[in-house]
Structures are given as structure tokens and as C-alpha cells.
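target-v7.txt (compact mmCIF, C-alpha atoms)
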```
# COMPACT_ATOMS: atom_id res chain seq x y z
CA MET A 249 63.83 -151.78 23.90
CA ASN A 250 62.72 -148.52 22.29
CA LYS A 251 64.15 -147.39 18.95
CA VAL A 252 66.02 -144.40 17.55
CA THR A 253 66.85 -143.50 13.95
CA LEU A 254 70.19 -143.50 12.15
CA GLY A 255 69.72 -142.00 8.73
CA ASN A 256 66.80 -144.10 7.49
CA ILE A 257 67.42 -147.08 9.81
CA ALA A 258 65.60 -147.75 13.08
CA VAL A 259 67.94 -149.19 15.73
CA SER A 260 67.68 -150.09 19.40
CA ALA A 261 68.35 -147.31 21.91
CA LEU A 262 71.56 -149.06 22.98
CA CYS A 263 74.27 -150.55 20.81
CA TYR A 264 76.32 -153.59 21.82
CA GLY A 265 80.08 -153.26 21.29
CA THR A 266 81.78 -156.49 20.30
CA ASP A 267 85.50 -155.79 20.07
CA LEU A 268 86.44 -158.82 22.21
CA ILE A 269 83.83 -161.39 21.27
CA GLY A 270 85.33 -164.41 19.56
CA SER A 271 88.74 -163.53 21.01
CA ARG A 272 89.03 -162.90 24.74
CA ILE A 273 85.41 -164.01 25.03
CA SER A 274 84.92 -167.55 23.70
CA GLU A 275 82.59 -168.32 20.81
CA ASP A 276 79.98 -170.00 23.02
CA ASP A 277 80.07 -167.20 25.59
CA SER A 278 79.93 -164.60 22.81
CA HIS A 279 76.80 -166.17 21.34
CA ALA A 280 75.21 -166.30 24.79
CA LEU A 281 75.91 -162.60 25.37
CA LEU A 282 74.53 -161.68 21.96
CA ASP A 283 71.43 -163.71 22.84
CA VAL A 284 70.95 -161.74 26.06
CA PHE A 285 71.15 -158.44 24.18
CA ALA A 286 68.77 -159.58 21.45
CA ASP A 287 66.34 -161.23 23.87
CA HIS A 288 65.92 -157.86 25.61
CA GLY A 289 65.15 -155.98 22.42
CA GLY A 290 68.65 -155.06 21.33
CA THR A 291 69.06 -154.91 17.56
CA PHE A 292 72.13 -152.71 17.03
CA ILE A 293 75.54 -154.41 17.11
CA ASP A 294 78.86 -152.65 16.52
CA THR A 295 82.04 -154.30 15.28
CA GLY A 296 85.11 -153.58 13.15
CA ASN A 297 87.17 -155.38 10.55
CA PHE A 298 90.36 -155.47 12.65
CA TYR A 299 88.73 -156.65 15.91
CA ALA A 300 90.62 -158.16 17.73
CA SER A 301 93.98 -158.22 15.94
CA TRP A 302 95.68 -156.84 19.07
CA TYR A 303 94.65 -159.81 21.21
CA PRO A 304 97.18 -162.69 21.47
CA GLY A 305 96.58 -165.32 18.82
CA CYS A 306 94.17 -163.15 16.80
CA VAL A 307 94.66 -161.65 13.34
CA GLY A 308 91.53 -159.53 12.92
CA GLY A 309 88.07 -160.44 11.72
CA GLU A 310 87.29 -162.57 14.77
CA SER A 311 84.44 -160.35 15.94
CA GLU A 312 82.79 -160.09 12.52
CA SER A 313 83.07 -163.85 11.97
CA THR A 314 81.58 -164.62 15.39
CA ILE A 315 78.63 -162.31 14.70
CA GLY A 316 78.16 -163.91 11.30
CA ARG A 317 78.00 -167.41 12.75
CA TRP A 318 75.62 -166.24 15.48
CA MET A 319 73.23 -164.64 12.98
CA ALA A 320 73.38 -167.72 10.75
CA ALA A 321 72.62 -170.02 13.69
CA ARG A 322 69.75 -167.85 14.94
CA GLY A 323 68.38 -166.95 11.50
CA ASN A 324 67.95 -163.36 12.66
CA ARG A 325 69.91 -161.26 10.14
CA SER A 326 66.78 -159.34 9.11
CA GLU A 327 66.23 -158.27 12.73
CA ILE A 328 69.80 -157.09 13.39
CA VAL A 329 71.46 -153.80 12.45
CA ILE A 330 75.20 -154.27 11.99
CA SER A 331 77.80 -151.53 11.94
CA THR A 332 81.39 -152.28 11.04
CA LYS A 333 84.44 -150.23 10.14
CA LEU A 334 87.61 -150.00 8.14
CA GLY A 335 90.71 -147.83 8.18
CA PHE A 336 93.13 -149.44 10.63
CA ASP A 337 95.75 -151.88 9.41
CA TYR A 338 95.88 -155.51 10.55
CA PRO A 339 97.43 -158.70 9.09
CA GLY A 340 96.55 -158.82 5.40
CA CYS A 341 95.26 -155.24 5.35
CA ASP A 342 97.34 -152.08 4.92
CA GLY A 343 94.60 -149.81 6.25
CA GLY A 344 93.56 -146.46 4.86
CA LEU A 345 90.56 -145.27 2.87
CA SER A 346 91.60 -145.70 -0.77
CA ALA A 347 88.93 -146.89 -3.20
CA ALA A 348 90.67 -150.25 -3.57
CA GLU A 349 90.91 -150.72 0.20
CA ILE A 350 87.27 -149.78 0.76
CA THR A 351 86.07 -152.22 -1.90
CA ARG A 352 88.33 -155.04 -0.70
CA GLU A 353 87.57 -154.66 3.01
CA CYS A 354 83.85 -154.37 2.43
CA GLU A 355 83.85 -157.71 0.62
CA LYS A 356 85.86 -159.33 3.42
CA SER A 357 83.49 -158.03 6.06
CA LEU A 358 80.46 -159.25 4.09
CA ARG A 359 81.95 -162.74 3.84
CA ARG A 360 82.84 -162.91 7.52
CA MET A 361 79.39 -161.81 8.61
CA GLN A 362 77.64 -164.04 6.03
CA THR A 363 75.50 -161.19 4.77
CA ASP A 364 74.92 -159.27 1.56
CA HIS A 365 74.93 -155.81 3.13
CA ILE A 366 76.39 -153.71 5.95
CA ASP A 367 73.86 -151.47 7.64
CA VAL A 368 76.29 -148.80 8.89
CA TYR A 369 79.81 -148.63 7.42
CA TYR A 370 82.33 -146.40 9.18
CA ALA A 371 85.56 -144.79 8.19
CA HIS A 372 87.39 -145.85 11.36
CA ARG A 373 90.28 -143.43 11.07
CA ASP A 374 91.23 -140.70 8.64
CA ASP A 375 93.50 -141.15 5.63
CA PHE A 376 95.16 -137.91 4.59
CA ASP A 377 97.13 -139.67 1.83
CA THR A 378 94.00 -140.50 -0.16
CA PRO A 379 92.01 -137.71 -1.84
CA LEU A 380 88.74 -137.20 0.02
CA GLU A 381 86.79 -137.38 -3.22
CA GLU A 382 88.18 -140.86 -3.91
CA THR A 383 87.08 -142.04 -0.46
CA MET A 384 83.57 -140.64 -0.60
CA GLU A 385 83.00 -141.78 -4.19
CA ALA A 386 84.05 -145.33 -3.22
CA PHE A 387 81.66 -145.32 -0.26
CA TYR A 388 78.92 -143.97 -2.53
CA GLY A 389 79.54 -146.83 -4.94
CA LEU A 390 78.91 -149.34 -2.15
CA VAL A 391 75.65 -147.60 -1.26
CA GLN A 392 74.56 -147.59 -4.90
CA ALA A 393 75.37 -151.29 -5.15
CA GLY A 394 73.19 -152.05 -2.11
CA LYS A 395 76.14 -153.31 -0.07
CA VAL A 396 75.98 -150.45 2.47
CA ARG A 397 72.94 -148.57 3.79
CA VAL A 398 74.35 -145.72 5.91
CA LEU A 399 77.82 -144.15 6.16
CA GLY A 400 79.48 -143.16 9.41
CA ALA A 401 82.67 -141.49 10.58
CA SER A 402 84.61 -142.67 13.63
CA ASN A 403 87.73 -140.99 15.00
CA LEU A 404 87.62 -138.26 12.35
CA TRP A 405 88.11 -134.61 13.22
CA LEU A 406 84.96 -132.55 12.93
CA TRP A 407 86.36 -130.35 10.14
CA ARG A 408 87.05 -133.47 8.07
CA VAL A 409 83.48 -134.72 8.50
CA ALA A 410 82.19 -131.29 7.48
CA GLU A 411 84.51 -131.25 4.46
CA ALA A 412 83.47 -134.77 3.42
CA ASN A 413 79.78 -133.94 3.69
CA MET A 414 80.14 -130.69 1.78
CA LEU A 415 81.99 -132.49 -0.99
CA SER A 416 79.35 -135.22 -1.01
CA SER A 417 76.63 -132.61 -1.34
CA LEU A 418 78.39 -131.02 -4.32
CA ARG A 419 79.12 -134.35 -6.04
CA GLY A 420 75.88 -136.14 -5.21
CA PHE A 421 77.60 -138.73 -3.00
CA THR A 422 76.21 -140.24 0.19
CA PRO A 423 77.27 -138.15 3.24
CA TYR A 424 78.22 -139.29 6.71
CA SER A 425 75.02 -139.37 8.77
CA VAL A 426 76.50 -140.96 11.91
CA ILE A 427 79.52 -139.99 14.01
CA GLU A 428 80.96 -142.45 16.53
CA GLN A 429 83.58 -141.09 18.93
CA ARG A 430 84.95 -141.66 22.39
CA TYR A 431 82.82 -140.14 25.18
CA THR A 432 82.08 -140.52 28.86
CA TYR A 433 80.69 -138.54 31.80
CA PHE A 434 84.08 -137.25 32.91
CA ARG A 435 85.51 -134.44 30.82
CA PRO A 436 89.06 -134.78 29.49
CA ARG A 437 91.77 -132.68 31.06
CA HIS A 438 93.32 -129.98 28.90
CA GLY A 439 95.77 -131.58 26.49
CA ALA A 440 94.54 -135.14 27.18
CA ASP A 441 95.90 -137.56 24.60
CA PHE A 442 93.73 -140.44 23.37
CA GLY A 443 96.00 -141.52 20.53
CA PRO A 444 93.96 -142.10 17.35
CA GLN A 445 90.69 -141.83 19.26
CA ILE A 446 88.79 -138.52 19.18
CA PHE A 447 86.57 -137.31 22.01
CA ILE A 448 83.12 -135.80 21.43
CA THR A 449 83.30 -132.02 21.89
CA GLU A 450 80.67 -129.35 22.39
CA ASP A 451 81.27 -128.13 18.83
CA MET A 452 80.65 -131.63 17.55
CA LYS A 453 77.37 -131.81 19.47
CA ARG A 454 76.21 -128.51 17.99
CA PHE A 455 77.27 -129.58 14.49
CA CYS A 456 75.38 -132.87 14.75
CA ALA A 457 72.26 -131.23 16.18
CA HIS A 458 72.24 -128.65 13.37
CA HIS A 459 72.77 -131.18 10.58
CA GLY A 460 70.69 -134.05 11.94
CA ILE A 461 73.68 -136.34 12.40
CA THR A 462 73.44 -139.07 15.03
CA LEU A 463 76.13 -139.13 17.71
CA ILE A 464 77.27 -142.51 19.05
CA ALA A 465 79.67 -142.94 21.96
CA TYR A 466 82.15 -145.68 22.84
CA SER A 467 84.25 -146.28 25.99
CA ILE A 468 81.43 -144.72 27.95
CA LEU A 469 82.05 -146.42 31.31
CA LEU A 470 85.88 -146.39 31.31
CA GLN A 471 86.10 -150.13 31.93
CA GLY A 472 84.61 -149.88 35.39
CA ALA A 473 86.37 -146.73 36.66
CA TYR A 474 83.09 -145.28 37.95
CA THR A 475 82.26 -148.26 40.13
CA ARG A 476 85.32 -150.41 40.80
CA ALA A 477 87.96 -149.56 43.41
CA ASP A 478 90.55 -151.53 41.44
CA ARG A 479 90.02 -149.39 38.32
CA PRO A 480 91.47 -145.90 38.87
CA VAL A 481 90.22 -142.91 36.92
CA PRO A 482 92.37 -142.73 33.74
CA ALA A 483 95.02 -140.01 33.74
CA GLN A 484 93.28 -138.18 30.87
CA PHE A 485 90.40 -137.37 33.25
CA ALA A 486 91.81 -137.53 36.80
CA GLY A 487 91.79 -134.36 38.90
CA PRO A 488 89.57 -132.08 40.98
CA GLU A 489 86.92 -131.74 38.27
CA ALA A 490 86.58 -135.50 37.97
CA ASP A 491 86.17 -135.68 41.76
CA GLU A 492 83.36 -133.11 41.61
CA ARG A 493 81.60 -134.93 38.81
CA MET A 494 81.95 -138.27 40.57
CA ALA A 495 80.31 -136.79 43.66
CA ALA A 496 77.40 -135.48 41.58
CA LEU A 497 77.07 -138.83 39.82
CA LEU A 498 76.93 -140.76 43.07
CA SER A 499 74.40 -138.30 44.49
CA VAL A 500 72.05 -138.70 41.52
CA ALA A 501 72.51 -142.47 41.59
CA GLU A 502 71.38 -142.51 45.21
CA GLU A 503 68.37 -140.28 44.44
CA THR A 504 67.22 -142.48 41.58
CA GLY A 505 68.08 -145.85 43.05
CA ALA A 506 70.15 -146.56 39.96
CA THR A 507 73.78 -147.54 39.59
CA PRO A 508 76.32 -144.88 38.54
CA ASN A 509 76.71 -146.68 35.19
CA GLN A 510 72.97 -146.52 34.59
CA VAL A 511 72.90 -142.81 35.41
CA ILE A 512 75.68 -142.17 32.87
CA ILE A 513 73.74 -144.00 30.16
CA ALA A 514 70.54 -142.13 31.02
CA TRP A 515 72.42 -138.79 31.06
CA MET A 516 73.82 -139.43 27.58
CA ARG A 517 70.46 -140.43 26.16
CA GLN A 518 68.73 -137.35 27.61
CA SER A 519 71.46 -134.94 26.55
CA ASN A 520 70.89 -132.32 23.87
CA PRO A 521 71.57 -133.65 21.31
CA PRO A 522 71.06 -137.22 22.50
CA VAL A 523 74.08 -139.50 22.42
CA LEU A 524 73.50 -143.18 21.65
CA PRO A 525 75.69 -145.26 23.99
CA ILE A 526 77.64 -148.34 22.99
CA ILE A 527 77.50 -150.73 25.90
CA ALA A 528 79.91 -153.59 26.44
CA GLY A 529 80.02 -156.50 28.82
CA SER A 530 81.68 -159.84 29.21
CA ARG A 531 79.00 -161.06 31.62
CA LYS A 532 75.22 -161.29 31.39
CA GLU A 533 74.83 -159.20 34.56
CA GLN A 534 76.74 -156.29 33.01
CA ILE A 535 74.55 -156.25 29.92
CA LEU A 536 71.37 -156.40 31.98
CA GLU A 537 72.59 -153.56 34.22
CA ASN A 538 73.18 -151.38 31.18
CA ILE A 539 69.83 -152.23 29.63
CA GLY A 540 68.22 -151.35 32.96
CA ALA A 541 69.29 -147.74 32.36
CA LEU A 542 66.46 -147.45 29.82
CA ARG A 543 63.98 -147.48 32.70
CA ILE A 544 65.53 -144.35 34.24
CA THR A 545 64.35 -140.82 33.51
CA LEU A 546 66.42 -138.04 35.05
CA THR A 547 64.72 -134.81 36.07
CA ASP A 548 65.69 -131.51 34.48
CA ALA A 549 67.36 -130.52 37.74
CA GLN A 550 69.40 -133.73 37.84
CA MET A 551 70.44 -133.29 34.21
CA GLU A 552 71.49 -129.71 34.92
CA ARG A 553 73.48 -130.73 37.98
CA LEU A 554 75.24 -133.58 36.22
CA THR A 555 76.07 -131.50 33.18
CA ARG A 556 77.19 -128.29 34.81
CA VAL A 557 79.17 -129.54 37.82
CA GLY A 558 82.85 -128.82 37.49
CA ASP A 559 82.24 -126.57 34.47
CA PRO A 560 84.94 -123.86 34.50
CA ASP A 561 82.60 -121.41 32.74
CA VAL A 562 80.10 -121.77 35.59
CA LYS A 563 82.84 -121.15 38.15
CA GLN A 564 83.89 -117.99 36.36
CA ALA A 565 80.29 -116.78 36.41
CA TRP A 566 80.16 -117.36 40.14
CA LEU A 567 83.35 -115.35 40.60
CA ARG A 568 81.90 -112.41 38.69
```

Go ahead and express the file in the form of C-alpha cells.
Amino acid sequence: MNKVTLGNIAVSALCYGTDLIGSRISEDDSHALLDVFADHGGTFIDTGNFYASWYPGCVGGESESTIGRWMAARGNRSEIVISTKLGFDYPGCDGGLSAAEITRECEKSLRRMQTDHIDVYYAHRDDFDTPLEETMEAFYGLVQAGKVRVLGASNLWLWRVAEANMLSSLRGFTPYSVIEQRYTYFRPRHGADFGPQIFITEDMKRFCAHHGITLIAYSILLQGAYTRADRPVPAQFAGPEADERMAALLSVAEETGATPNQVIIAWMRQSNPPVLPIIAGSRKEQILENIGALRITLTDAQMERLTRVGDPDVKQAWLR
């Protein structure tokens, strides 16, 4: 699997999301899925400290602990790039981004994953009750101590990332060099509500391209909504525009001989700026399908069609 760069770290072109490993997915099955990803060149694995506290019988930390045991059993920590996060509350953790919380949760994540450093450490949600300088100074302290290599922001508004990075520049702290947000091929309807999750916008793309910040996307395939009849298009996207984009997606999939999911992954990777997709999968076949997207190269015409279809600005131009 080819590599891309996050800050000063080389990672695989796809990231494996692990929110349900060690919880809904058993330990043995989780290790087998991680093996499939790694055996096909995958090195970048994404988790979070509170995964999967929402699942019955879980209290958080299950995903990190499962990854830690897998790396210990395989002896492959030096080959794997791990990203984890903090900010949400879960049993034994109040959440937030105070200096004390950042220090405490970092140590817990390190113990669970049986490692001495986190490659990419994300603020998983914003904390307006803690001064931004306190947050960024605490993150900087972890970088200085060698416990964190790269800082990322997930589910933060763009203006807050810009503010944090400006403050970091003035104070000599480590800035955010990665942004991980929700993203998919369908565009959200006006006023769509994703709760604490924030969708990648055109402004965010321009900001990241200008400042050399890597964009990473989660929930890219909408849990099968592009391919499964039993998974309707979520209400945040459903409507005439989604129908138009689905038609374009299916057309390009037929032209390329790829699956719609593979076309979406290829479209993200070839976008300007590129978006690094987080893939998920509870079965080996799903992971292999997603990895197969790396063999697909869309033409400029296909990229233009996929990107512009359903665009209201294009429609207005036609009307004029």
C-alpha cells in the first residue's frame, strides 16, 4: 500500500477505523481483521479513548486495549502508526481538554496500547470551558516529552483550529497538522444536523490546502447506504441532489468496473486537496474491497462529473 505524509510521519494511504473492535467485534475476530489490513500494507490505525463506551457491556478503552494486545502479540509496534483521541466523557473520565485531563488520558491510552508514544493525538471535541492556551500548552508538553508525535483536531470548527494554530505559532507550541472530520460523497442538506460531528466543508479544504494540513475523513460509506437496499440514505443527505449524485456514482462504477464504495474512496484520494479515507469493516471481504480502491485511477472527466453533479452553483450557471 502506498504512503502519504502526516506532519513528519509516513502512513498508509488508507486508515483502518476501529471503534467496534474488542466490543461488537470479538477479540479474535478483531485481531484477524487487523492482520488483514496489515498484511496488505496498512500501517495507519485510528482509535479513541472512549471506544466503545456506548456499546452494551463496555466502559471505554476496549478498542485501544485490543490494539495494544494485537501489537504485543505480533511484535509490530514499530511498523504501525496509531492515532487516538480524547475529549468525550466515558466512565471514569469527565471529558474536556484541560491540562489535567490531557495528561491523565494520554497516560491511560499509553497503558492500554502497551506503548510509550502516540503517533497522532487528537482533540476529539472542543472544550470552550478550558482556555485554548492551556489546551495547546498541555499538548505541546506531551510532544516535548516524546509521548506524542503529531497533533490533530477532530470535530472542531475551522475557526477554532485556525485560532489554536495561530496561538501555537505565537507561543512556540506544536500546532494541529491533521484534521479528521465526517465526510462522504453525498453532500449534506442545508441545515443537516450531525450532533457533535462536523462535516468537511469547502472552506476547510481550502484552509488545509493553503496551510499544508492533512484532511482525514470518517463515516465515508454511510454504513452501506451506497450499496445496500436495506440501508436507506440518511435524512441529512436524502433528496434530489443525493439521487443525482448516486446516479453519477453508479455510472462511474460501471465505467471503471469498480464498486461504488471503491469509486468513493478513489474520488476522495484524488480530490484537491486529497482526503485520506478511514475505512471500516467487520468482515475480511469489506476490508479487501476498500483496499482494492487503491488500484483505481479516475479520469479527469470522471472526477469532474462526480464532483460537480448536483452542484447548485453549476445549475445557476446553466440558468444564466

- Message: Could you list, as a ChimeraX atom specification, every residue within 7 Å of region 464-478 of chain A, counting only C-alpha atoms and ignoring same-chain residues fewer than 2 positions away?
- Response: /A:427-432,462,480-481,508-509,523-526

Would you mind exporting C-alpha atoms of the selected residues as a short mmCIF file (atom, residue, chain, number, x, y, z; two decimals), in the coordinates of the input?
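Generated file (result_2.cif):
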```cif
data_model
loop_
_atom_site.label_atom_id
_atom_site.label_comp_id
_atom_site.auth_asym_id
_atom_site.auth_seq_id
_atom_site.Cartn_x
_atom_site.Cartn_y
_atom_site.Cartn_z
CA ILE A 427 79.52 -139.99 14.01
CA GLU A 428 80.96 -142.45 16.53
CA GLN A 429 83.58 -141.09 18.93
CA ARG A 430 84.95 -141.66 22.39
CA TYR A 431 82.82 -140.14 25.18
CA THR A 432 82.08 -140.52 28.86
CA THR A 462 73.44 -139.07 15.03
CA PRO A 480 91.47 -145.90 38.87
CA VAL A 481 90.22 -142.91 36.92
CA PRO A 508 76.32 -144.88 38.54
CA ASN A 509 76.71 -146.68 35.19
CA VAL A 523 74.08 -139.50 22.42
CA LEU A 524 73.50 -143.18 21.65
CA PRO A 525 75.69 -145.26 23.99
CA ILE A 526 77.64 -148.34 22.99
#
```

Closest-contact table, region 274-325 of chain A side, partner region 344-362 of chain A, 8 Å, counting all atoms listed in the file, as a tab-separated table:
```
residue	atom	partner	partner_atom	distance
A:Asn297	CA	A:Ser357	CA	6.4
A:Gly309	CA	A:Arg360	CA	7.1
A:Glu312	CA	A:Met361	CA	5.5
A:Ser313	CA	A:Arg360	CA	4.6
A:Thr314	CA	A:Met361	CA	7.7
A:Ile315	CA	A:Met361	CA	6.2
A:Gly316	CA	A:Met361	CA	3.6
A:Arg317	CA	A:Met361	CA	7.1
A:Ala320	CA	A:Gln362	CA	7.3
```

- Would you list the contacts of region 490-494 of chain A as a PyMOL selection string, taking every protein, DNA or RNA residue within 12 Å and counting only C-alpha atoms, but skipping same-chain residues closer than 4 positions in sequence? chain A and resi 432-437+473-475+480-486+498-501+508-509+511-512+553-560

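Between CA of Arg479 (chain A) and CA of Ala261 (chain A) there is a distance of 27.3 Å.
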
- Message: Which residue is closest to Gly400 (chain A)? Choose from A:Gly255, A:Thr504, A:Gly443, A:Pro522 and count only C-alpha atoms.
- Response: A:Gly255

- Task: Measure the distance from CA of Trp405 (chain A) to CA of Cys456 (chain A) in Å and round it to one decimal.
- Result: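 Going from CA of Trp405 (chain A) over to CA of Cys456 (chain A) covers 12.9 Å.
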
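Rounded to one decimal, CA of Asn256 (chain A) and CA of Val368 (chain A) lie 10.7 Å from each other.
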
- Item | All residues 12 Å or closer to region 280-287 of chain A, all atoms listed in the file, same chain fewer than 3 positions away omitted, as a count of residues only | 50

- Task: Select, counting only C-alpha atoms, all protein, DNA and RNA residues no farther than 7 Å from (88.9, -136.6, 17.3) in file coordinates, and express the selection as a PyMOL selection string.
- Result: chain A and resi 403-405+445-447

- Item | Contacts of Ser301 (chain A) at 10 Å (only C-alpha atoms; same-chain gap of 4+ positions) as an MDAnalysis selection string | chainID A and resid 267:268 271 297 305:311 337:339

- Taking into account all atoms listed in the file, which residue in the set A:His459, A:Phe387, A:Pro444, A:Phe376 is nearest to Ala410 (chain A)?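 Closest to Ala410 (chain A), using all atoms listed in the file: A:His459.
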
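Between Ile448 (chain A) and the candidates A:Pro304, A:Gly335, A:Gly343, A:Pro521, the tightest atom-to-atom separation, counting all atoms listed in the file, involves A:Pro521.
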